[in-house]
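Engineer: Handing you this structure, nothing more for now.
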Amino acid sequence: MIVRRGFTAPPSFHTPMLREATLGHFVEVITNGRGAMYSYADRVPLEDRWAIAAYLRALQLSQHAELRSLGEEDARRAREALR
Ligand code: HEM
């Protein structure tokens with residue numbers, strides 16, 4: 001939507017760099033802005049910034065998770081689902 005209205009395109013959250021970014025990085029970007037992105041510090045309370053960062057990580061993991069990062073039971077279920 002922002003691109004349709006003439007704004008710079010935001011990056012995908014699924015790039016290797018942003019997959020490896022810390023939650024603190026996301027909070028920092030929301031707090032201070034970055035490049036074309038404005039700061040949202042005056043509109044999003046700090047606690048919500050951390051909650052958004054945690055949700056972003058969940059979205060990233062929903063598209064890319066290593067089998068070896070899972071516990072035994074989850075790994076077994078994932079292997080079954082992939083069969
Ligand atoms: C709280 C919600 C948001 C989060 C968590 C977020 C997060 C991020 C992150 C992680 C980046 C990449 C920073 C990096 O290169 O390391 C980024 C870039 C960007 N975001 Fe956001 N963003 C949010 C809201 C928005 C909104 C509402 C807009 C548009 C109105 C926006 C526009 C952009 C743009 C254009 C960039 C690219 C900036 C550049 O490289 O020049 N973001 N954002």
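In the structure tokens, chains take the letters A, B, ... in the order shown, each chain's residues start at 1, and ligands count up from 1 in the order shown.
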For ligand 1, return the neighbouring residues as a PyMOL selection string (distance at most 9 Å; only C-alpha atoms and all ligand atoms).

Structural biologist: chain A and resi 1-3+7-13+17-18+21+25-31+33-40+44+48-49+52-53+56

Engineer: Return the single residue from A:Ala54, A:Leu46, A:His64, A:Ala75 that is closest to Thr15 in chain A, with distances computed using only C-alpha atoms.

Structural biologist: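 Once distances to Thr15 in chain A are computed over only C-alpha atoms, the minimum belongs to A:His64.
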
Engineer: Just asking: which residues within range 11-47 of chain A are helix (DSSP H, G or I) according to DSSP, as a list in words?

Structural biologist: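 Taking range 11-47 of chain A and keeping helix (DSSP H, G or I) gives Pro16, Met17, Leu18, Arg19, Glu20, Leu23, Gly24, His25, Phe26, Val27, Glu28, Val29, Ile30, Thr31, Asn32, Leu46 and Glu47 of chain A.
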
Engineer: Output C-alpha atoms of each residue in that selection to a file, as a JSON list (two decimals), in the first residue's frame.

Structural biologist:
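Wrote again_14.json, looks like this:
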```json
[["chain", "number", "residue", "atom", "x", "y", "z"],
["A", 16, "PRO", "CA", 18.89, -13.43, 5.71],
["A", 17, "MET", "CA", 19.99, -10.12, 7.29],
["A", 18, "LEU", "CA", 16.63, -9.42, 8.96],
["A", 19, "ARG", "CA", 16.20, -13.09, 9.93],
["A", 20, "GLU", "CA", 19.44, -12.78, 11.85],
["A", 23, "LEU", "CA", 14.69, -8.20, 18.59],
["A", 24, "GLY", "CA", 16.56, -5.14, 19.86],
["A", 25, "HIS", "CA", 17.30, -4.15, 16.26],
["A", 26, "PHE", "CA", 13.57, -4.14, 15.43],
["A", 27, "VAL", "CA", 12.80, -2.10, 18.55],
["A", 28, "GLU", "CA", 15.60, 0.32, 17.62],
["A", 29, "VAL", "CA", 14.22, 0.77, 14.07],
["A", 30, "ILE", "CA", 10.68, 1.40, 15.38],
["A", 31, "THR", "CA", 12.10, 3.83, 17.95],
["A", 32, "ASN", "CA", 14.44, 5.86, 15.75],
["A", 46, "LEU", "CA", 8.01, 0.92, 24.30],
["A", 47, "GLU", "CA", 6.32, -2.21, 25.66]]
```

Engineer: Could you check how far CA of Gly71 in chain A sits from CA of Arg83 in chain A, in Å to one decimal?

Structural biologist: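 Straight-line distance from CA of Gly71 in chain A to CA of Arg83 in chain A works out to 18.3 Å.
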
Engineer: Between CA of Tyr55 in chain A and CA of Leu70 in chain A, what is the spacing in Å?

Structural biologist: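 Spanning CA of Leu70 in chain A to CA of Tyr55 in chain A is a straight-line distance of 18.4 Å.
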